[in-house]
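Participant: Next up, start_13.csv (CSV, C-alpha atoms and all ligand atoms).
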chain,number,residue,atom,x,y,z
A,112,MET,CA,-18.5,-23.1,7.4
A,113,ASN,CA,-15.2,-21.4,8.2
A,114,VAL,CA,-14.1,-21.0,11.8
A,115,TYR,CA,-15.0,-17.3,11.8
A,116,ALA,CA,-18.4,-17.8,10.4
A,117,GLN,CA,-19.1,-20.3,13.2
A,118,LEU,CA,-18.3,-17.6,15.6
A,119,GLY,CA,-20.5,-15.1,13.8
A,120,VAL,CA,-17.5,-12.9,12.7
A,121,ARG,CA,-17.3,-11.7,9.1
A,122,THR,CA,-14.1,-12.1,7.3
A,123,ILE,CA,-12.6,-9.1,5.6
A,124,ILE,CA,-10.3,-8.2,2.7
A,125,ASN,CA,-7.1,-6.8,4.3
A,126,ALA,CA,-5.5,-4.3,2.0
A,127,SER,CA,-3.8,-2.6,4.9
A,128,GLY,CA,-0.8,-4.8,5.3
A,129,ALA,CA,0.5,-6.5,8.4
A,130,VAL,CA,-1.3,-4.4,11.0
A,131,THR,CA,-2.0,-5.9,14.4
A,132,ARG,CA,-5.7,-4.9,14.6
A,133,LEU,CA,-6.3,-7.0,11.5
A,134,GLY,CA,-4.3,-10.0,12.6
A,135,GLY,CA,-1.0,-9.3,10.9
A,136,ALA,CA,0.6,-11.1,8.0
A,137,PRO,CA,-0.5,-14.5,6.7
A,138,MET,CA,1.8,-17.4,7.9
A,139,PRO,CA,3.3,-19.5,5.1
A,140,ALA,CA,2.4,-23.2,5.1
A,141,ALA,CA,5.9,-24.2,6.2
A,142,VAL,CA,5.6,-21.9,9.3
A,143,LEU,CA,2.2,-23.4,10.2
A,144,GLU,CA,3.5,-26.9,9.7
A,145,SER,CA,6.4,-26.2,12.1
A,146,PHE,CA,3.9,-24.8,14.7
A,147,ILE,CA,1.9,-28.1,14.6
A,148,ALA,CA,5.0,-30.2,14.7
A,149,ALA,CA,6.2,-28.3,17.8
A,150,ALA,CA,3.0,-29.1,19.6
A,151,ALA,CA,3.7,-32.9,19.3
A,152,ALA,CA,6.5,-33.0,21.9
A,153,THR,CA,7.7,-31.3,25.0
A,154,VAL,CA,11.0,-29.4,25.7
A,155,PRO,CA,12.2,-27.2,28.5
A,156,ILE,CA,11.4,-23.6,27.3
A,157,GLU,CA,14.7,-22.1,28.5
A,158,GLU,CA,16.6,-24.7,26.3
A,159,LEU,CA,14.4,-23.9,23.4
A,160,GLN,CA,15.0,-20.1,23.9
A,161,ALA,CA,18.7,-20.8,24.1
A,162,ALA,CA,18.5,-22.6,20.7
A,163,ALA,CA,16.4,-19.7,19.4
A,164,SER,CA,19.1,-17.3,20.7
A,165,ARG,CA,21.7,-19.1,18.5
A,166,GLU,CA,19.5,-19.0,15.4
A,167,ILE,CA,18.6,-15.4,15.9
A,168,ALA,CA,22.3,-14.6,16.4
A,169,ARG,CA,23.1,-16.3,13.1
A,170,ALA,CA,20.4,-14.3,11.3
A,171,THR,CA,21.1,-10.9,12.9
A,172,GLY,CA,24.9,-11.0,13.7
A,173,ALA,CA,24.0,-10.2,17.3
A,174,GLU,CA,25.6,-12.1,20.2
A,175,ALA,CA,22.2,-13.4,21.4
A,176,GLY,CA,18.5,-13.3,20.9
A,177,LEU,CA,15.2,-14.0,22.5
A,178,VAL,CA,11.7,-14.8,21.0
A,179,THR,CA,9.3,-12.4,22.6
A,180,ALA,CA,5.5,-11.8,22.6
A,181,GLY,CA,5.8,-9.1,19.8
A,182,SER,CA,8.1,-6.2,19.3
A,183,ALA,CA,6.3,-4.2,22.0
A,184,ALA,CA,7.1,-6.9,24.5
A,185,ALA,CA,10.7,-6.9,23.2
A,186,LEU,CA,10.9,-3.2,24.0
A,187,THR,CA,9.6,-3.8,27.6
A,188,LEU,CA,12.0,-6.6,28.2
A,189,GLY,CA,14.9,-4.7,26.6
A,190,ALA,CA,14.2,-1.8,28.8
A,191,ALA,CA,13.9,-4.1,31.8
A,192,ALA,CA,17.2,-5.7,31.0
A,193,ILE,CA,19.0,-2.3,30.8
A,194,LEU,CA,17.4,-1.2,34.1
A,195,THR,CA,18.3,-4.3,36.1
A,196,GLY,CA,21.2,-6.1,34.4
A,197,TYR,CA,21.7,-9.3,36.4
A,198,ASP,CA,20.5,-7.8,39.7
A,199,PRO,CA,17.6,-9.9,41.0
A,200,GLY,CA,16.7,-7.3,43.6
A,201,ARG,CA,16.1,-4.7,40.9
A,202,MET,CA,14.2,-7.4,38.8
A,203,GLU,CA,11.9,-7.9,41.8
A,204,ARG,CA,11.2,-4.2,42.1
A,205,LEU,CA,10.3,-3.3,38.5
A,206,PRO,CA,8.4,-1.2,37.4
A,207,PHE,CA,9.5,0.8,40.4
A,208,CYS,CA,13.0,2.1,40.0
A,209,ASP,CA,13.5,4.3,43.1
A,210,GLY,CA,17.2,4.4,43.9
A,211,PHE,CA,18.7,3.4,40.6
A,212,PRO,CA,19.2,5.1,37.2
A,213,HIS,CA,16.0,4.7,35.1
A,214,GLU,CA,15.9,7.5,32.6
A,215,PHE,CA,16.1,6.8,28.9
A,216,LEU,CA,16.9,9.6,26.5
A,217,VAL,CA,14.7,9.8,23.4
A,218,ALA,CA,14.5,12.3,20.6
A,219,ARG,CA,11.3,14.3,20.9
A,220,GLU,CA,10.6,13.6,17.2
A,221,GLN,CA,10.8,9.9,17.8
A,222,ARG,CA,8.2,9.7,20.5
A,223,SER,CA,5.3,7.3,19.5
A,224,GLY,CA,2.6,5.3,21.2
A,225,TYR,CA,4.9,2.3,21.1
A,226,ASP,CA,7.2,3.9,23.7
A,227,HIS,CA,4.6,3.1,26.3
A,228,ALA,CA,6.1,-0.4,26.1
A,229,VAL,CA,9.4,1.0,27.4
A,230,ARG,CA,7.8,3.1,30.1
A,231,ALA,CA,5.9,-0.1,31.2
A,232,ALA,CA,9.2,-1.5,32.5
A,233,GLY,CA,9.6,1.5,34.8
A,234,ALA,CA,11.7,3.7,32.5
A,235,ARG,CA,11.1,7.4,32.5
A,236,LEU,CA,11.6,9.0,29.1
A,237,VAL,CA,13.6,12.2,28.9
A,238,GLU,CA,13.1,14.0,25.6
A,239,VAL,CA,15.9,15.7,23.7
A,240,GLY,CA,15.8,17.9,20.6
A,241,PHE,CA,12.8,19.5,19.1
A,242,ASN,CA,10.2,18.7,16.4
A,243,GLU,CA,10.7,21.9,14.4
A,244,ILE,CA,10.0,20.6,11.0
A,245,VAL,CA,6.5,19.3,11.9
A,246,ALA,CA,5.9,22.4,13.9
A,247,GLY,CA,6.8,24.5,10.8
A,248,ALA,CA,9.2,26.4,13.0
A,249,GLY,CA,12.6,25.4,11.6
A,250,VAL,CA,14.6,23.0,9.4
A,251,ARG,CA,16.8,21.1,11.8
A,252,ARG,CA,16.4,17.6,13.2
A,253,THR,CA,17.7,16.1,16.4
A,254,GLU,CA,21.5,16.2,16.7
A,255,ALA,CA,23.8,13.8,18.5
A,256,TRP,CA,25.2,16.5,20.9
A,257,GLU,CA,21.8,17.0,22.3
A,258,TYR,CA,21.8,13.5,23.7
A,259,SER,CA,25.3,14.1,25.3
A,260,ALA,CA,24.2,17.3,26.8
A,261,ALA,CA,21.2,15.6,28.5
A,262,ILE,CA,23.0,12.8,30.2
A,263,THR,CA,23.0,12.8,34.0
A,264,ALA,CA,23.6,10.3,36.8
A,265,SER,CA,20.0,9.2,36.4
A,266,THR,CA,20.4,8.2,32.8
A,267,ALA,CA,20.1,4.4,32.2
A,268,GLY,CA,19.9,4.1,28.4
A,269,VAL,CA,19.0,5.6,25.1
A,270,LEU,CA,15.9,4.7,23.1
A,271,TYR,CA,16.0,5.1,19.3
A,272,SER,CA,13.4,4.5,16.7
A,273,PHE,CA,15.2,3.2,13.6
A,274,ALA,CA,14.4,4.4,10.1
A,275,SER,CA,16.8,4.7,7.1
A,276,ASP,CA,16.3,8.5,7.3
A,277,ALA,CA,16.2,8.8,11.1
A,278,GLN,CA,18.3,11.6,12.6
A,279,PRO,CA,20.9,11.5,14.0
A,280,PRO,CA,22.0,8.4,12.1
A,281,LEU,CA,22.2,5.2,14.3
A,282,GLU,CA,26.0,5.0,13.9
A,283,GLU,CA,26.5,8.6,15.2
A,284,LEU,CA,24.2,8.1,18.2
A,285,ALA,CA,25.9,4.8,19.0
A,286,ILE,CA,29.3,6.6,19.4
A,287,VAL,CA,27.8,8.9,21.9
A,288,ALA,CA,26.0,6.1,23.8
A,289,ARG,CA,29.2,4.0,23.9
A,290,ARG,CA,31.3,6.9,25.1
A,291,HIS,CA,29.0,7.3,28.1
A,292,ASN,CA,28.6,3.5,28.6
A,293,LEU,CA,24.8,3.8,28.0
A,294,PRO,CA,23.0,0.8,26.3
A,295,LEU,CA,21.2,1.8,23.1
A,296,LEU,CA,17.8,0.2,22.7
A,297,VAL,CA,16.4,0.3,19.1
A,298,ASP,CA,12.9,-0.1,18.0
A,299,ALA,CA,13.0,-1.6,14.4
A,300,ALA,CA,9.7,-3.4,14.7
A,301,GLY,CA,8.5,-2.7,11.2
A,302,ARG,CA,11.8,-1.9,9.4
A,303,LEU,CA,12.0,-5.2,7.6
A,304,PRO,CA,12.7,-5.7,4.7
A,305,PRO,CA,15.3,-4.9,3.6
A,306,ARG,CA,17.0,-7.9,5.3
A,307,GLU,CA,20.2,-5.9,5.9
A,308,ASN,CA,18.2,-4.2,8.7
A,309,LEU,CA,18.4,-7.4,10.6
A,310,ARG,CA,22.0,-6.4,11.3
A,311,LEU,CA,21.6,-3.2,13.3
A,312,THR,CA,23.9,-4.4,16.2
A,313,ALA,CA,26.8,-4.1,13.7
A,314,ARG,CA,25.8,-0.5,13.3
A,315,GLY,CA,26.0,0.2,17.0
A,316,ALA,CA,22.7,-0.9,18.6
A,317,ASP,CA,23.0,-2.8,21.9
A,318,LEU,CA,19.5,-4.3,21.7
A,319,VAL,CA,17.1,-4.3,18.8
A,320,ALA,CA,13.4,-5.2,18.7
A,321,PHE,CA,11.7,-6.6,15.6
A,322,SER,CA,8.1,-7.8,15.0
A,323,GLY,CA,7.7,-11.5,14.2
A,324,GLY,CA,4.2,-11.0,12.8
A,325,LYS,CA,4.9,-8.4,10.2
A,326,ALA,CA,7.3,-9.0,7.2
A,327,ILE,CA,8.9,-12.0,8.8
A,328,ARG,CA,5.4,-13.7,8.8
A,329,GLY,CA,5.8,-15.7,11.9
A,330,PRO,CA,2.9,-15.9,14.5
A,331,GLN,CA,1.4,-12.5,14.9
A,332,SER,CA,2.0,-12.6,18.6
A,333,THR,CA,5.8,-13.0,18.3
A,334,GLY,CA,8.8,-10.7,18.2
A,335,ILE,CA,12.5,-10.7,18.5
A,336,LEU,CA,14.9,-9.1,20.9
A,337,CYS,CA,18.5,-9.4,19.9
A,338,GLY,CA,21.8,-7.9,21.0
A,339,ARG,CA,24.4,-8.1,23.7
A,340,ARG,CA,24.5,-11.5,25.5
A,341,GLU,CA,24.4,-10.1,29.0
A,342,LEU,CA,21.3,-8.0,28.3
A,343,ILE,CA,19.5,-10.8,26.5
A,344,GLY,CA,20.2,-13.1,29.5
A,345,ALA,CA,18.7,-10.4,31.8
A,346,ALA,CA,15.7,-10.1,29.6
A,347,ALA,CA,15.2,-13.9,29.5
A,348,LEU,CA,15.4,-14.1,33.3
A,349,GLN,CA,12.5,-11.6,33.5
A,350,MET,CA,10.3,-13.4,31.1
A,351,LEU,CA,10.8,-17.1,31.8
A,352,ASP,CA,8.8,-19.1,34.4
A,353,MET,CA,11.2,-19.0,37.4
A,354,ASP,CA,9.3,-21.4,39.7
A,355,ASP,CA,12.0,-24.0,39.6
A,356,HIS,CA,13.9,-25.3,42.7
A,357,PRO,CA,17.1,-23.3,43.3
A,358,ALA,CA,19.0,-26.6,43.8
A,359,LEU,CA,17.7,-28.0,40.5
A,360,TRP,CA,17.6,-25.0,38.2
A,361,ASP,CA,20.3,-25.4,35.6
A,362,PRO,CA,19.8,-22.7,32.8
A,363,PRO,CA,21.7,-23.2,29.5
A,364,THR,CA,25.2,-21.7,29.8
A,365,GLY,CA,25.9,-19.1,27.1
A,366,PHE,CA,22.3,-18.0,27.4
A,367,ILE,CA,21.9,-17.2,31.1
A,368,ASP,CA,25.1,-16.8,33.2
A,369,ARG,CA,24.0,-18.3,36.5
A,370,SER,CA,27.3,-17.6,38.2
A,371,ARG,CA,26.5,-13.9,38.0
A,372,LEU,CA,23.2,-14.1,39.9
A,373,ALA,CA,23.1,-13.4,43.6
A,374,GLY,CA,20.1,-15.6,43.9
A,375,LEU,CA,17.3,-17.2,41.8
A,376,PRO,CA,14.9,-14.3,40.7
A,377,ARG,CA,11.2,-14.9,41.0
A,378,HIS,CA,8.8,-14.2,38.1
A,379,GLY,CA,9.8,-11.0,36.5
A,380,ILE,CA,8.0,-8.2,34.8
A,381,GLY,CA,7.9,-10.1,31.5
A,382,ARG,CA,6.2,-13.1,33.0
A,383,SER,CA,2.9,-11.7,31.5
A,384,MET,CA,4.5,-11.8,28.0
A,385,LYS,CA,5.2,-15.5,27.6
A,386,VAL,CA,5.6,-17.3,24.3
A,387,SER,CA,4.7,-20.9,23.7
A,388,LYS,CA,7.1,-23.5,22.3
A,389,GLU,CA,4.9,-23.6,19.1
A,390,GLU,CA,5.3,-19.8,18.7
A,391,ILE,CA,9.1,-20.0,19.2
A,392,VAL,CA,9.5,-22.8,16.6
A,393,ALA,CA,7.2,-21.2,14.1
A,394,LEU,CA,8.9,-17.8,14.4
A,395,LEU,CA,12.3,-19.4,13.8
A,396,ALA,CA,10.9,-21.2,10.7
A,397,ALA,CA,9.6,-17.8,9.4
A,398,LEU,CA,12.8,-16.0,10.2
A,399,ARG,CA,14.7,-18.6,8.2
A,400,LEU,CA,12.4,-18.1,5.2
A,401,PHE,CA,12.7,-14.4,5.5
A,402,ASP,CA,16.4,-14.4,5.9
A,403,GLN,CA,17.0,-16.7,2.9
A,404,GLY,CA,15.0,-14.4,0.7
A,405,GLY,CA,12.1,-16.9,0.5
A,406,TYR,CA,9.5,-14.2,0.1
A,407,LEU,CA,11.2,-12.3,-2.8
A,408,VAL,CA,9.6,-14.6,-5.4
A,409,GLU,CA,6.2,-13.0,-4.5
A,410,LEU,CA,7.2,-9.5,-5.5
A,411,ASP,CA,6.2,-10.0,-9.2
A,412,SER,CA,2.8,-11.5,-8.4
A,413,GLN,CA,2.2,-8.7,-5.8
A,414,ARG,CA,2.9,-6.1,-8.5
A,415,LEU,CA,0.6,-7.9,-11.0
A,416,ARG,CA,-2.2,-7.9,-8.5
A,417,LEU,CA,-1.9,-4.2,-8.0
A,418,GLU,CA,-1.8,-3.6,-11.7
A,419,LYS,CA,-5.0,-5.6,-12.1
A,420,ILE,CA,-6.6,-3.4,-9.6
A,421,CYS,CA,-5.4,-0.3,-11.5
A,422,ASP,CA,-6.9,-1.7,-14.7
A,423,ALA,CA,-10.3,-2.1,-13.0
A,424,LEU,CA,-10.3,1.6,-12.0
A,425,ARG,CA,-9.7,3.0,-15.5
A,426,ASP,CA,-12.4,5.6,-16.5
A,427,LEU,CA,-13.2,6.3,-12.9
A,428,PRO,CA,-12.3,9.6,-11.1
A,429,ALA,CA,-9.1,8.2,-9.7
A,430,ARG,CA,-5.5,8.0,-10.6
A,431,CYS,CA,-3.3,5.0,-9.7
A,432,HIS,CA,0.3,5.4,-8.5
A,433,LEU,CA,2.1,2.1,-8.2
A,434,LEU,CA,5.0,2.7,-5.9
A,435,ASP,CA,7.9,0.8,-4.3
A,436,ARG,CA,10.9,1.4,-2.1
A,437,ARG,CA,13.4,0.4,-4.8
A,438,ASP,CA,15.3,-1.8,-2.4
A,439,GLY,CA,14.5,-4.9,-4.4
A,440,GLU,CA,13.0,-6.6,-1.3
A,441,SER,CA,10.0,-4.5,-0.1
A,442,PRO,CA,6.5,-5.2,-1.6
A,443,PRO,CA,5.1,-2.5,-3.9
A,444,TRP,CA,2.0,-0.6,-2.9
A,445,LEU,CA,-0.7,1.2,-4.7
A,446,GLU,CA,-1.9,4.7,-4.0
A,447,ILE,CA,-5.3,5.6,-5.5
A,448,GLU,CA,-5.6,9.3,-5.8
A,449,LEU,CA,-9.3,10.3,-5.9
A,450,ASP,CA,-10.8,13.2,-7.7
A,451,GLU,CA,-13.0,14.0,-4.7
A,452,GLN,CA,-14.8,16.8,-6.6
A,453,ARG,CA,-15.8,14.6,-9.6
A,454,LEU,CA,-16.6,11.7,-7.3
A,455,GLY,CA,-18.7,13.8,-4.9
A,456,ARG,CA,-17.2,11.9,-1.9
A,457,THR,CA,-14.0,12.3,0.1
A,458,ALA,CA,-11.4,9.6,0.5
A,459,MET,CA,-12.5,9.3,4.1
A,460,GLU,CA,-16.1,8.6,3.1
A,461,VAL,CA,-14.9,6.0,0.5
A,462,CYS,CA,-12.7,4.4,3.1
A,463,ARG,CA,-15.7,4.2,5.5
A,464,ARG,CA,-18.0,2.7,2.9
A,465,LEU,CA,-15.4,0.1,2.0
A,466,ARG,CA,-15.3,-1.0,5.6
A,467,ARG,CA,-19.0,-1.1,5.9
A,468,GLY,CA,-19.8,-2.9,2.6
A,469,GLU,CA,-19.9,-6.6,1.9
A,470,PRO,CA,-17.3,-8.0,2.1
A,471,PRO,CA,-15.7,-5.4,4.3
A,472,VAL,CA,-12.5,-4.0,2.8
A,473,TYR,CA,-9.8,-2.4,4.9
A,474,VAL,CA,-7.4,-0.2,2.9
A,475,GLY,CA,-4.5,1.8,4.2
A,476,HIS,CA,-5.7,5.1,5.8
A,477,GLY,CA,-2.4,6.9,6.1
A,478,GLN,CA,-3.0,9.2,3.1
A,479,LEU,CA,-6.7,10.0,3.4
A,480,ALA,CA,-5.9,13.7,4.2
A,481,HIS,CA,-4.2,13.8,0.7
A,482,GLY,CA,-7.3,12.2,-0.9
A,483,ARG,CA,-5.6,8.9,-1.4
A,484,LEU,CA,-6.5,5.3,-0.5
A,485,VAL,CA,-3.5,2.9,-0.1
A,486,ILE,CA,-3.5,-0.7,-1.1
A,487,TYR,CA,-0.8,-3.0,0.4
A,488,PRO,CA,-0.6,-6.4,-1.1
A,489,LEU,CA,1.0,-8.4,1.7
A,490,CYS,CA,-2.2,-9.9,3.2
A,491,LEU,CA,-4.1,-10.2,-0.1
A,492,VAL,CA,-4.8,-13.8,-1.1
A,493,PRO,CA,-5.3,-14.5,-4.9
A,494,ALA,CA,-9.0,-14.9,-4.4
A,495,ASP,CA,-9.2,-11.4,-2.9
A,496,VAL,CA,-8.0,-9.5,-5.9
A,497,ASP,CA,-11.1,-9.6,-8.1
A,498,VAL,CA,-13.4,-8.9,-5.2
A,499,LEU,CA,-11.2,-6.0,-4.1
A,500,ALA,CA,-11.1,-4.5,-7.6
A,501,GLU,CA,-14.9,-4.8,-7.9
A,502,ARG,CA,-15.6,-3.3,-4.5
A,503,LEU,CA,-13.2,-0.4,-5.2
A,504,ALA,CA,-14.8,0.2,-8.7
A,505,ARG,CA,-18.2,0.2,-7.1
A,506,GLU,CA,-17.3,2.8,-4.5
A,507,LEU,CA,-15.4,5.0,-7.0
A,508,ARG,CA,-18.3,5.4,-9.4
A,509,PRO,CA,-19.6,9.0,-9.3
A,601,LIG,C1,4.4,-2.6,14.9
A,601,LIG,C2,5.3,-1.8,15.7
A,601,LIG,C3,5.6,-2.1,17.1
A,601,LIG,C4,4.8,-3.2,17.8
A,601,LIG,O1,5.2,-4.4,17.3
A,601,LIG,P1,4.3,-5.7,17.8
A,601,LIG,O2,5.1,-6.8,17.2
A,601,LIG,O3,3.0,-5.6,17.2
A,601,LIG,O4,4.3,-5.7,19.3
A,601,LIG,C5,6.5,-1.3,17.8
A,601,LIG,N1,7.1,-0.2,17.2
A,601,LIG,C6,6.9,0.1,15.9
A,601,LIG,C7,7.6,1.2,15.3
A,601,LIG,C8,6.0,-0.7,15.1
A,601,LIG,O5,5.8,-0.4,13.8
Written as structure tokens, how would this file's structure read?
Ligand SMILES: *Cc1c(COP(=O)(O)O)cnc(C)c1O
Facilitator:
Amino acid sequence: MNVYAQLGVRTIINASGAVTRLGGAPMPAAVLESFIAAAAATVPIEELQAAASREIARATGAEAGLVTAGSAAALTLGAAAILTGYDPGRMERLPFCDGFPHEFLVAREQRSGYDHAVRAAGARLVEVGFNEIVAGAGVRRTEAWEYSAAITASTAGVLYSFASDAQPPLEELAIVARRHNLPLLVDAAGRLPPRENLRLTARGADLVAFSGGKAIRGPQSTGILCGRRELIGAAALQMLDMDDHPALWDPPTGFIDRSRLAGLPRHGIGRSMKVSKEEIVALLAALRLFDQGGYLVELDSQRLRLEKICDALRDLPARCHLLDRRDGESPPWLEIELDEQRLGRTAMEVCRRLRRGEPPVYVGHGQLAHGRLVIYPLCLVPADVDVLAERLARELRP
């Protein structure tokens, strides 16, 4: 019996990709092996994080890095670092920021549920720009001058959600932020691949948050914060277990600059977001694989699996669209466009039946309003493909 059956939990077929509510991406064997190997010995966590910082710096081109408990935790810690710097008094007060600058500028069109992670540190978001295109009331996106115009003495930083087509472009906003000496915190959680997006600090970001449990395929509970050394040090100080003796504490130089601290901070706002030594080592193993292009060999078999699913749906009231980002690195995906009239069911109903059937199948639900089911291959194991094709064919028979 598998471990889930023992617990009375049904396993599912995950055609939704690396989403957190379905447990994220599968870890490669090498990553799992490094997790187990890490459990066999003990090291001081701050020294392990300092080593992780060097590895993350190599992979991202940033000055320093930190393994966090997911990208959301990276955003909280990044915001905390910007709010406090190396000031242990401010660290102690978070998330209350009375008396020091704590506003982050963010484009209204870039607001998302994930910015709760930034607000959790104590930051207050100040929106700039409008959302005219979605509102159907205009054609313009957010422009860089709108950030400049909103800066006041209370502004602490700028929050930006990275996408290749985000507006204003990262480079343009970075010029504004630098001119006003405001750190630029970038959420790039799911923007990998392509691997070149690991290097957003070279394009002007001061701190960047990535998920470790999406395309990198590290432990689902991990993430990466990378960027300026001083900010990474401040973030680490607010996450690490600080219950050492002030006369004995000797943090790794180059990672935490003890000489700049007025005193030894106590547990910070990130203490509830700790990562284990096993998670750190496994994330680094996954990052190495990802960065070296170790996952690219799977692109062909991912495409073949999707084609096989298309074949199984021939003669049914559905049209398959096999799509990809054309960056040579991102997995393809399949959009199944239903003829809802001929089928006599909406895509929403089909999606619900897929989840409730046996085995439960979870497909991407982002295009249901357009009558489409989306199949992402990242989390499909070879044995899933025939079952998935058969389940889809059954639900798409009129
Ligand atoms: C997934 C995601 C997050 C959260 O990442 P976790 O690693 O699950 O914490 C944050 N922001 C965006 C844009 C995401 O896609």
Participant: Please list as a VMD selection string every residue within 8 Å of Leu318 (chain A), counting all atoms listed in the file and excluding residues in the same chain fewer than 3 positions away.
Facilitator: chain A and resid 189 294 to 297 312 336 to 339 342
Participant: Generate a file of the selected residues that holds C-alpha atoms, formatted as a short mmCIF file (atom, residue, chain, number, x, y, z; two decimals), in the frame of the given file.
Facilitator:
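Okay, this is what ended up in part-v6.cif:
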data_model
loop_
_atom_site.label_atom_id
_atom_site.label_comp_id
_atom_site.auth_asym_id
_atom_site.auth_seq_id
_atom_site.Cartn_x
_atom_site.Cartn_y
_atom_site.Cartn_z
CA GLY A 189 14.90 -4.70 26.60
CA PRO A 294 23.00 0.80 26.30
CA LEU A 295 21.20 1.80 23.10
CA LEU A 296 17.80 0.20 22.70
CA VAL A 297 16.40 0.30 19.10
CA THR A 312 23.90 -4.40 16.20
CA LEU A 336 14.90 -9.10 20.90
CA CYS A 337 18.50 -9.40 19.90
CA GLY A 338 21.80 -7.90 21.00
CA ARG A 339 24.40 -8.10 23.70
CA LEU A 342 21.30 -8.00 28.30
#
Participant: Dump as CSV the rows for residues of chain A within 8 Å of ligand LIG 601 (chain A): closest atom pair and distance in Å with one decimal, all atoms listed in the file counted, ordered by chain and rising residue number.
Facilitator:
residue,atom,partner,partner_atom,distance
A:Val130,CA,A:LIG601,C1,7.1
A:Thr131,CA,A:LIG601,O3,5.7
A:Ala180,CA,A:LIG601,O4,7.0
A:Gly181,CA,A:LIG601,O2,3.5
A:Ser182,CA,A:LIG601,O2,3.7
A:Ala183,CA,A:LIG601,O4,3.7
A:Ala184,CA,A:LIG601,O4,6.0
A:Ala185,CA,A:LIG601,O4,7.6
A:Leu186,CA,A:LIG601,C5,7.8
A:Ser223,CA,A:LIG601,C7,7.8
A:Tyr225,CA,A:LIG601,N1,5.1
A:Asp226,CA,A:LIG601,N1,7.7
A:Ser272,CA,A:LIG601,C7,6.8
A:Asp298,CA,A:LIG601,N1,5.9
A:Ala299,CA,A:LIG601,C7,6.1
A:Ala300,CA,A:LIG601,C8,4.6
A:Gly301,CA,A:LIG601,O5,4.4
A:Arg302,CA,A:LIG601,O5,7.6
A:Ala320,CA,A:LIG601,C5,8.0
A:Phe321,CA,A:LIG601,O2,6.8
A:Ser322,CA,A:LIG601,O2,3.9
A:Gly323,CA,A:LIG601,O2,6.2
A:Gly324,CA,A:LIG601,O2,6.1
A:Lys325,CA,A:LIG601,O2,7.2
A:Gln331,CA,A:LIG601,O2,7.2
A:Ser332,CA,A:LIG601,O2,6.7
A:Thr333,CA,A:LIG601,O2,6.3
A:Gly334,CA,A:LIG601,O2,5.5
Participant: Name the residues within 6 Å of (23.0, 2.7, 14.0), counting only C-alpha atoms in the file's coordinates, and put them as a PyMOL selection string.
Facilitator: chain A and resi 281-282+314-316
Participant: Between A:Leu465, A:Leu293, A:Val492, A:Ile244, single out the one closest to Glu506 (chain A), counting only C-alpha atoms.
Facilitator: A:Leu465
Participant: Take CA of Arg369 (chain A) and CA of Leu309 (chain A) and report the distance between them in Å, one decimal.
Facilitator: 28.7 Å
Participant: Have a look at A:Val120, A:Phe366, A:Ala126, A:Arg436 and name the one nearest to Ala168 (chain A); count only C-alpha atoms.
Facilitator: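 Checking each of A:Val120, A:Phe366, A:Ala126, A:Arg436 against Ala168 (chain A), counting only C-alpha atoms, the winner is A:Phe366.
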Participant: If you measure from CA of Gly381 (chain A) to CA of Gly135 (chain A), what distance in Å do you get, rounded to one decimal?
Facilitator: 22.5 Å
Participant: Rounded to one decimal, what separation in Å do you get between CA of Gly365 (chain A) and CA of Arg165 (chain A)?
Facilitator: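 These atoms are spaced 9.6 Å apart.
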Participant: Within 12 Å of Thr122 (chain A), counting all atoms listed in the file, which residues qualify if same-chain residues fewer than 6 places away don't, as a PyMOL selection string?
Facilitator: chain A and resi 112-116+133-134+466+468-473+495
Participant: Is it possible to get the residues within 6 Å of (3.7, -1.2, -2.5) (coordinates as in the file, counting all atoms listed in the file) written as an NGL selection string?
Facilitator: :A and (434-435 or 442-445 or 487)
Participant: Skipping near chain neighbours, those fewer than 3 positions away, what residues fall within 12 Å of Asp355 (chain A) using only C-alpha atoms, listed as a ChimeraX atom specification?
Facilitator: /A:155,157,351-352,358-362,375-378
Participant: Excluding Ala313 (chain A) and any residue of its chain fewer than 3 positions from it, enumerate the residues within 9 Å of it, using only C-alpha atoms, and give them as a ChimeraX atom specification.
Facilitator: /A:171-173,310,316
Participant: Near Asp209 (chain A), within 12 Å and counting all atoms listed in the file, which residues show up once chain neighbours fewer than 3 positions away are dropped, as a ChimeraX atom specification?
Facilitator: /A:194,201,204-206,212-214,233-235,265
Participant: Using only C-alpha atoms, which of A:Arg328, A:Arg505, A:Lys385, A:Arg222 sits nearest Ala141 (chain A)?
Facilitator: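 Counting only C-alpha atoms, the residue closest to Ala141 (chain A) is A:Arg328.
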